[in-house]
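File shown: my_file31.txt (compact mmCIF, C-alpha atoms).
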```txt
# COMPACT_ATOMS: atom_id res chain seq x y z
CA MET A 1 0.00 0.00 0.00
CA GLN A 2 1.61 3.25 -1.17
CA LEU A 3 0.95 6.79 0.05
CA GLN A 4 0.35 7.93 -3.53
CA GLN A 5 -2.38 5.30 -3.86
CA LEU A 6 -3.99 6.47 -0.63
CA ALA A 7 -3.81 10.11 -1.72
CA SER A 8 -5.49 9.22 -5.03
CA PHE A 9 -8.16 7.25 -3.18
CA VAL A 10 -8.91 10.19 -0.85
CA ALA A 11 -9.05 12.60 -3.81
CA VAL A 12 -11.66 10.44 -5.59
CA ALA A 13 -13.60 9.94 -2.35
CA GLU A 14 -13.77 13.70 -1.74
CA THR A 15 -14.56 14.77 -5.31
CA ARG A 16 -16.66 11.70 -6.25
CA HIS A 17 -15.22 12.18 -9.72
CA PHE A 18 -12.19 10.51 -11.30
CA THR A 19 -11.41 13.37 -13.71
CA GLN A 20 -11.56 16.05 -10.99
CA ALA A 21 -9.49 13.87 -8.67
CA ALA A 22 -6.84 13.45 -11.37
CA GLU A 23 -6.73 17.24 -11.84
CA ARG A 24 -6.29 17.71 -8.10
CA MET A 25 -3.48 15.16 -8.01
CA ARG A 26 -1.97 16.58 -11.22
CA VAL A 27 -1.79 13.22 -12.90
CA ALA A 28 -3.43 11.74 -15.97
CA GLN A 29 -6.77 10.06 -15.30
CA PRO A 30 -5.63 6.62 -16.59
CA SER A 31 -2.70 6.76 -14.15
CA LEU A 32 -5.00 7.62 -11.24
CA SER A 33 -7.44 4.87 -12.18
CA LYS A 34 -4.55 2.40 -12.33
CA GLN A 35 -3.48 3.39 -8.78
CA ILE A 36 -7.02 2.88 -7.47
CA LYS A 37 -7.26 -0.50 -9.20
CA ALA A 38 -3.92 -1.61 -7.71
CA LEU A 39 -5.10 -0.54 -4.24
CA GLU A 40 -8.36 -2.45 -4.63
CA THR A 41 -6.43 -5.55 -5.76
CA GLU A 42 -4.10 -5.35 -2.78
CA LEU A 43 -6.99 -4.91 -0.32
CA GLY A 44 -9.11 -7.54 -2.01
CA ALA A 45 -12.25 -5.42 -2.21
CA PRO A 46 -13.70 -2.72 -4.47
CA LEU A 47 -13.55 0.77 -2.97
CA PHE A 48 -15.90 2.59 -5.33
CA SER A 49 -19.18 1.81 -7.00
CA ARG A 50 -19.34 3.25 -10.53
CA ALA A 51 -23.00 3.10 -11.54
CA ARG A 52 -24.37 5.31 -14.34
CA GLY A 53 -21.55 7.77 -14.03
CA ASN A 54 -22.02 8.22 -10.28
CA VAL A 55 -19.02 7.43 -8.05
CA THR A 56 -19.88 6.34 -4.52
CA LEU A 57 -17.93 4.62 -1.78
CA THR A 58 -18.49 0.95 -1.09
CA PRO A 59 -18.59 -0.24 2.53
CA ALA A 60 -14.88 -1.08 2.18
CA GLY A 61 -14.22 2.42 0.88
CA GLU A 62 -16.16 3.98 3.76
CA ALA A 63 -14.05 1.99 6.22
CA LEU A 64 -10.77 2.94 4.54
CA LEU A 65 -11.40 6.69 4.15
CA PRO A 66 -10.78 7.87 7.77
CA LEU A 67 -7.79 5.52 8.06
CA ALA A 68 -6.31 6.81 4.80
CA ARG A 69 -6.73 10.43 5.88
CA ARG A 70 -5.00 9.70 9.18
CA MET A 71 -2.12 7.86 7.50
CA LEU A 72 -1.59 10.75 5.08
CA ALA A 73 -1.68 13.26 7.96
CA ASP A 74 0.83 11.20 9.94
CA ALA A 75 3.09 10.99 6.90
CA ASP A 76 2.94 14.79 6.53
CA THR A 77 3.81 15.22 10.20
CA ALA A 78 6.73 12.82 9.82
CA ARG A 79 8.05 14.77 6.84
CA ARG A 80 7.86 18.02 8.80
CA GLU A 81 9.67 16.55 11.81
CA VAL A 82 12.44 15.05 9.68
CA ALA A 83 12.81 18.35 7.82
CA GLU A 84 13.17 20.15 11.14
CA LEU A 85 15.86 17.71 12.26
CA ALA A 86 17.71 18.54 9.06
CA GLY A 87 18.46 22.02 10.36
CA LEU A 88 15.11 23.81 10.16
CA ARG A 89 15.33 24.20 6.43
CA ARG A 90 11.59 23.61 6.45
CA GLY A 91 8.81 23.73 9.01
CA ARG A 92 5.91 25.84 10.20
CA VAL A 93 5.07 28.12 13.10
CA ARG A 94 1.43 29.05 13.71
CA LEU A 95 1.52 32.08 15.99
CA GLY A 96 -1.32 34.01 17.57
CA ALA A 97 -0.87 37.58 18.82
CA THR A 98 -2.91 40.53 20.02
CA PRO A 99 -3.39 43.46 17.61
CA SER A 100 -1.20 45.81 19.66
CA LEU A 101 1.74 43.43 19.23
CA CYS A 102 1.06 42.80 15.55
CA ALA A 103 1.08 46.54 14.95
CA GLY A 104 4.25 47.04 16.99
CA LEU A 105 7.38 45.12 17.88
CA LEU A 106 6.24 41.68 16.69
CA ALA A 107 6.84 42.59 13.04
CA ASP A 108 10.53 43.18 13.71
CA ALA A 109 10.87 39.89 15.62
CA LEU A 110 9.16 38.02 12.80
CA ALA A 111 11.48 39.63 10.25
CA ARG A 112 14.52 38.48 12.21
CA PHE A 113 13.17 34.93 12.46
CA HIS A 114 12.43 34.86 8.72
CA ASP A 115 15.98 36.00 7.96
CA ASP A 116 17.40 33.23 10.16
CA TYR A 117 15.00 30.50 8.97
CA PRO A 118 13.73 31.48 5.50
CA GLY A 119 12.37 27.98 4.82
CA VAL A 120 10.05 27.97 7.84
CA GLU A 121 6.49 28.98 7.04
CA LEU A 122 5.04 31.65 9.35
CA GLN A 123 1.29 31.83 9.92
CA VAL A 124 0.09 34.68 12.16
CA GLU A 125 -3.43 34.95 13.56
CA GLU A 126 -4.42 38.28 15.05
CA GLY A 127 -7.11 38.36 17.71
CA GLY A 128 -8.16 39.09 21.24
CA SER A 129 -6.46 37.15 24.01
CA ARG A 130 -9.52 35.05 24.85
CA ASP A 131 -9.96 34.10 21.20
CA LEU A 132 -6.29 33.07 20.99
CA VAL A 133 -6.57 30.90 24.11
CA ARG A 134 -9.47 29.05 22.49
CA ALA A 135 -7.49 28.63 19.26
CA LEU A 136 -4.58 27.16 21.24
CA ALA A 137 -6.90 24.74 22.99
CA ARG A 138 -8.33 23.59 19.65
CA GLY A 139 -4.85 22.94 18.26
CA GLN A 140 -5.11 25.70 15.66
CA LEU A 141 -1.98 27.47 16.95
CA ASP A 142 1.47 26.32 18.06
CA LEU A 143 2.23 29.41 20.16
CA ALA A 144 0.31 32.51 21.20
CA LEU A 145 1.12 35.82 22.84
CA ILE A 146 -1.74 36.18 25.32
CA ILE A 147 -2.67 38.36 28.28
CA LEU A 148 -2.33 37.21 31.87
CA PRO A 149 -3.99 36.32 34.11
CA LEU A 150 -5.90 33.71 32.15
CA GLN A 151 -9.65 33.83 32.55
CA GLY A 152 -10.34 30.72 34.60
CA ASP A 153 -6.61 29.94 34.88
CA ASP A 154 -6.68 27.31 32.14
CA PRO A 155 -4.46 24.46 33.41
CA ALA A 156 -3.97 23.06 29.89
CA LEU A 157 -1.58 25.87 28.90
CA VAL A 158 2.04 26.57 29.75
CA THR A 159 2.67 30.33 29.98
CA GLU A 160 5.90 32.33 30.15
CA GLU A 161 5.74 36.04 31.02
CA ILE A 162 7.75 38.13 28.56
CA LEU A 163 6.39 41.71 28.47
CA ARG A 164 4.49 44.33 30.45
CA GLU A 165 2.52 47.08 28.72
CA THR A 166 1.24 50.35 30.16
CA LEU A 167 -2.38 51.20 29.32
CA VAL A 168 -3.33 54.81 28.59
CA ILE A 169 -6.40 56.83 27.65
CA ALA A 170 -6.30 57.57 23.92
CA ALA A 171 -8.02 60.78 22.82
CA PRO A 172 -7.81 63.13 19.83
CA ALA A 173 -4.59 65.11 20.22
CA HIS A 174 -6.35 68.48 20.12
CA LEU A 175 -8.74 67.41 22.89
CA ALA A 176 -6.36 65.53 25.15
CA GLY A 177 -5.77 68.45 27.51
CA ARG A 178 -2.67 69.10 29.56
CA LYS A 179 -3.25 66.86 32.56
CA PRO A 180 -0.28 64.56 33.32
CA TYR A 181 -2.73 61.77 34.15
CA LEU A 182 -6.41 60.96 34.42
CA ARG A 183 -8.18 59.19 37.24
CA ILE A 184 -10.40 56.24 36.40
CA GLU A 185 -13.35 58.14 37.89
CA GLU A 186 -13.04 60.78 35.15
CA LEU A 187 -14.12 58.20 32.58
CA ARG A 188 -17.59 58.36 34.14
CA ARG A 189 -18.20 61.58 32.20
CA ARG A 190 -16.60 60.48 28.93
CA PRO A 191 -18.14 58.22 26.28
CA LEU A 192 -15.91 55.24 25.51
CA VAL A 193 -15.05 53.56 22.25
CA MET A 194 -15.15 49.90 23.23
CA PHE A 195 -13.59 46.79 21.73
CA ARG A 196 -15.64 43.79 20.70
CA ARG A 197 -16.17 40.89 23.08
CA GLY A 198 -13.15 38.59 23.25
CA TYR A 199 -10.65 41.44 23.73
CA ASP A 200 -9.03 41.51 27.15
CA LEU A 201 -8.87 45.32 26.89
CA ARG A 202 -12.65 45.39 27.01
CA GLU A 203 -12.71 43.35 30.21
CA ALA A 204 -9.83 45.33 31.77
CA THR A 205 -11.62 48.62 31.10
CA LEU A 206 -14.94 47.39 32.44
CA ALA A 207 -13.31 45.95 35.56
CA ALA A 208 -11.44 49.21 36.32
CA CYS A 209 -14.60 51.29 35.91
CA ARG A 210 -16.70 48.97 38.05
CA GLN A 211 -14.07 48.93 40.75
CA ALA A 212 -14.35 52.73 40.77
CA GLY A 213 -18.11 52.39 41.26
CA PHE A 214 -19.66 53.10 37.87
CA GLU A 215 -20.69 51.53 34.58
CA PRO A 216 -19.02 53.20 31.60
CA ARG A 217 -21.05 54.73 28.79
CA PHE A 218 -20.26 53.48 25.28
CA ALA A 219 -20.26 55.78 22.27
CA VAL A 220 -19.64 52.80 19.99
CA GLU A 221 -18.56 49.22 20.62
CA GLY A 222 -17.57 46.10 18.72
CA GLY A 223 -14.41 47.30 16.99
CA GLU A 224 -10.98 45.77 16.32
CA MET A 225 -7.86 47.74 17.30
CA ASP A 226 -7.50 49.78 14.10
CA ALA A 227 -11.20 50.61 14.01
CA VAL A 228 -11.19 51.69 17.67
CA LEU A 229 -8.27 54.06 17.08
CA ARG A 230 -9.94 55.52 14.00
CA PHE A 231 -13.18 56.07 15.93
CA VAL A 232 -11.21 57.90 18.63
CA GLU A 233 -9.49 60.04 15.99
CA ALA A 234 -12.94 60.93 14.64
CA GLY A 235 -13.95 62.24 18.08
CA LEU A 236 -16.53 59.58 18.95
CA GLY A 237 -15.01 59.00 22.37
CA VAL A 238 -11.89 57.88 24.22
CA ALA A 239 -10.45 54.38 24.62
CA VAL A 240 -8.16 52.47 26.97
CA VAL A 241 -5.30 51.09 24.84
CA PRO A 242 -1.64 50.02 25.16
CA SER A 243 0.60 53.04 24.77
CA MET A 244 2.62 51.39 21.98
CA VAL A 245 -0.27 51.49 19.50
CA LEU A 246 -0.19 55.30 19.48
CA ASP A 247 3.25 55.37 17.84
CA GLY A 248 2.91 56.87 14.38
CA ARG A 249 -0.52 58.34 15.06
CA PRO A 250 0.04 62.09 15.48
CA ASN A 251 -3.69 62.77 15.68
CA LEU A 252 -3.94 60.79 18.92
CA ALA A 253 -2.48 61.43 22.37
CA GLY A 254 -2.21 59.07 25.32
CA THR A 255 -2.69 60.09 28.95
CA PRO A 256 -1.60 57.73 31.77
CA LEU A 257 -4.22 56.54 34.25
CA LEU A 258 -4.15 56.86 38.01
CA PRO A 259 -4.00 54.35 39.50
CA GLY A 260 -1.88 52.96 36.71
CA LEU A 261 -3.14 50.14 34.54
CA THR A 262 -0.73 47.60 33.07
CA ARG A 263 -1.05 44.19 31.50
CA THR A 264 1.30 41.24 31.28
CA ILE A 265 1.92 39.42 28.02
CA ALA A 266 2.94 35.77 28.03
CA LEU A 267 4.05 33.29 25.41
CA ALA A 268 1.81 30.23 25.70
CA HIS A 269 1.51 26.74 24.29
CA ARG A 270 -0.53 23.66 25.11
CA LYS A 271 0.76 21.61 28.02
CA ASP A 272 -0.05 18.29 26.36
CA VAL A 273 1.72 19.08 23.06
CA GLU A 274 5.49 19.56 22.90
CA PRO A 275 6.29 22.54 20.62
CA THR A 276 8.08 21.71 17.39
CA ARG A 277 11.71 22.63 16.80
CA ALA A 278 10.48 25.52 14.65
CA ALA A 279 8.33 26.81 17.52
CA HIS A 280 11.26 26.49 19.96
CA ALA A 281 13.44 28.39 17.50
CA PHE A 282 10.87 31.19 17.27
CA ARG A 283 10.72 31.45 21.07
CA ALA A 284 14.51 31.76 21.24
CA THR A 285 14.52 34.40 18.49
CA LEU A 286 11.77 36.42 20.20
CA LEU A 287 13.46 36.38 23.62
CA ALA A 288 16.83 37.32 22.11
CA PHE A 289 15.16 40.17 20.22
CA LEU A 290 13.53 41.50 23.42
CA THR A 291 16.80 41.25 25.36
CA GLU A 292 18.63 43.19 22.67
CA ALA A 293 15.88 45.81 22.40
CA THR A 294 15.94 46.30 26.18
CA ARG A 295 19.72 46.71 26.19
CA GLU A 296 19.60 49.22 23.33
CA GLY A 297 16.54 51.07 24.65
CA THR A 298 14.51 50.50 21.50
CA LEU A 299 11.38 48.96 23.01
CA PRO A 300 8.25 51.06 22.35
CA GLU A 301 7.24 53.57 25.02
CA GLY A 302 5.28 51.94 27.82
CA VAL A 303 6.67 48.46 27.15
CA GLU A 304 9.21 46.59 29.24
CA ALA A 305 10.59 43.07 28.99
CA VAL A 306 10.01 40.75 31.93
CA THR A 307 13.24 39.27 33.22
CA GLU A 308 13.55 35.99 35.11
CA GLY A 309 14.12 37.84 38.35
CA ASP A 310 10.89 39.83 38.12
```
Can the structure from this file be put into C-alpha cells for me?
Amino acid sequence: MQLQQLASFVAVAETRHFTQAAERMRVAQPSLSKQIKALETELGAPLFSRARGNVTLTPAGEALLPLARRMLADADTARREVAELAGLRRGRVRLGATPSLCAGLLADALARFHDDYPGVELQVEEGGSRDLVRALARGQLDLALIILPLQGDDPALVTEEILRETLVIAAPAHLAGRKPYLRIEELRRRPLVMFRRGYDLREATLAACRQAGFEPRFAVEGGEMDAVLRFVEAGLGVAVVPSMVLDGRPNLAGTPLLPGLTRTIALAHRKDVEPTRAAHAFRATLLAFLTEATREGTLPEGVEAVTEGD
C-alpha cells in the first residue's frame, strides 16, 4: 500500500469524480485509475461503485477513508519533523498575537526569524487574548502571545511572562488636555469607544470602571484595534489602549491613568503538546530580540521586557 495510492483514493472519495481527482493530483486520469485499481487488488475489495456515471464509496471504501486520511496526515507530520531535524530548512510556526503586538514590535521579531530560517512557514493569527486561548486549545496554533492572568486559569496551557505594557487613555490630540494623568473616575463623564467581546482590553476597562463604582457609557462598541483608534481620531469617544499602538498616530495622544493600569503578556503553548523545533526556534529568536531591544533602549514607550528575576 503506497501513500500515492492512498492520496489518489482520498481525492476520488472527496470529489466523487475521477477526472476532478486526477486534476487535483496533477496526474493523468488513466494513471490515477490504475493506482485505485492496484489498491483495490491489494486490499481484495472494491472501494468505489461506478453506476451510471455516479461514483460512490463501497462499505470497504467507507471503512478505509478515515484511516487513509489519518495515514496521510501522519506521513505529513513525519516529513515536517524530519525536515526540522535537518536544520530547520523547512517547518511551520502558527503564531497568535494581540493586535497591539502585531502593529508594533512583533513585526521586527518576525522579520529576524524569517531572515534566520527562510524555509520555515510563518502563519500569524491576530485576535483578542480570549480568542487566541481558544485557538490554542483547539490545536489551531502552536504558540500565542496572550494576556495574563488567564480567565479561569486554564491548566492546559504553559505560559511564560515576557512583556508588560502600560495602558493609557487615547483621545484626539487636540482634545487631550494638559493633565499629566487621568483618574479612572473621570471616565464616568466620557463616552468610551469599546472593543468587541473577546478582547481583554474590554474586560480590563470594564473591571477598572466597576471597581471605581460606575458603569461606563459606550459611544460605539464592537471594533478591532485599528477601528477603535480611527473612531477615537474621529472624536466619537476615548479608549483604553496600550501606549505602543499610538506610535505613528500624530492625531492621537495618550494620557496615563491613576491608578496605573498595566497588563502582562505571556508566550503560551498547550501543556499536552510539545512545541516543534520551529516553535522552539521562534521562542529563542523572540526572547533574544527583546533582550537586545531592552539593552539598546529600542522597546516602544510603555513596554518593558520581563526578566527571570521579576
Between A:Leu39, A:Met244, A:Val10, A:Met25, which residue has the minimum interatomic distance to Thr298 of chain A, considering all atoms listed in the file?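 Smallest distance to Thr298 of chain A is found for A:Met244.
Closest to Phe195 of chain A among A:Glu274, A:Glu224, A:Glu304, A:Glu14 is A:Glu224, based on all atoms listed in the file.
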Mind pulling up the distance from atom CA of Phe218 of chain A to atom CA of Leu252 of chain A?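 Separation of atom CA of Leu252 of chain A and atom CA of Phe218 of chain A: 19.0 Å.
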Would you please work out which residue, of A:Pro149, A:Arg94, A:Leu299, A:Arg112, is nearest to Glu125 of chain A when using all atoms listed in the file?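 The answer is A:Arg94, which sits nearest to Glu125 of chain A.
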With distances taken over all atoms listed in the file, which residue among A:Leu236, A:Leu106, A:Leu167, A:Leu182 lies nearest Leu287 of chain A? A:Leu106
State, in Å with one decimal place, the distance from atom CA of Asp247 of chain A to atom CA of Pro216 of chain A.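 We find that atom CA of Asp247 of chain A and atom CA of Pro216 of chain A lie 26.3 Å from each other.
Atom CA of Asp116 of chain A is positioned 20.4 Å from atom CA of Ala144 of chain A.
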From the list A:Ser100, A:Ser49, A:Gln5, A:Thr56, which residue is nearest Arg69 of chain A when using all atoms listed in the file?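 Result for the nearest residue to Arg69 of chain A: A:Gln5.
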Counting only C-alpha atoms, which of A:Ala234, A:Ala266, A:Leu95, A:Met194 gets nearest to Glu160 of chain A?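 When distances to Glu160 of chain A are compared using only C-alpha atoms, the smallest one comes from A:Ala266.
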For Arg217 of chain A, find every residue with an atom within 8 Å (counting all atoms listed in the file), except residues of its own chain fewer than 2 positions away, and show them as a list in words. Arg188, Arg190, Pro191, Leu192, Glu215 and Ala219 of chain A
Spatial neighbours of Leu258 of chain A, max dist 8 Å, all atoms listed in the file, sep filter under 5 positions, as a VMD selection string: chain A and resid 181 to 184
Neighbouring residues of Leu163 of chain A were defined as those with any atom within 7 Å, considering only C-alpha atoms; residues of the same chain fewer than 6 positions away were excluded. Please report them as a list of chain:residue names.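 Counting only C-alpha atoms, the residues come to A:Thr264, A:Ile265, A:Ala266, A:Val303, A:Glu304, A:Ala305, A:Val306.
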Residue contacts of Ala204 of chain A (12 Å, only C-alpha atoms) excluding same-chain residues fewer than 4 positions away, as JSON, numbers by chain: {"A": [129, 147, 148, 149, 151, 167, 168, 184, 194, 195, 197, 198, 199, 200, 208, 209, 210, 211, 239, 240, 241, 242, 261, 262, 263, 264]}
Would you kindly return, as an NGL selection string, each protein, DNA or RNA residue with an atom no farther than 10 Å from any atom of Ser8 of chain A, considering all atoms listed in the file and excluding same-chain residues fewer than 6 positions away? :A and (14 or 18 or 21-22 or 24-25 or 27 or 31-33 or 35-36 or 39)
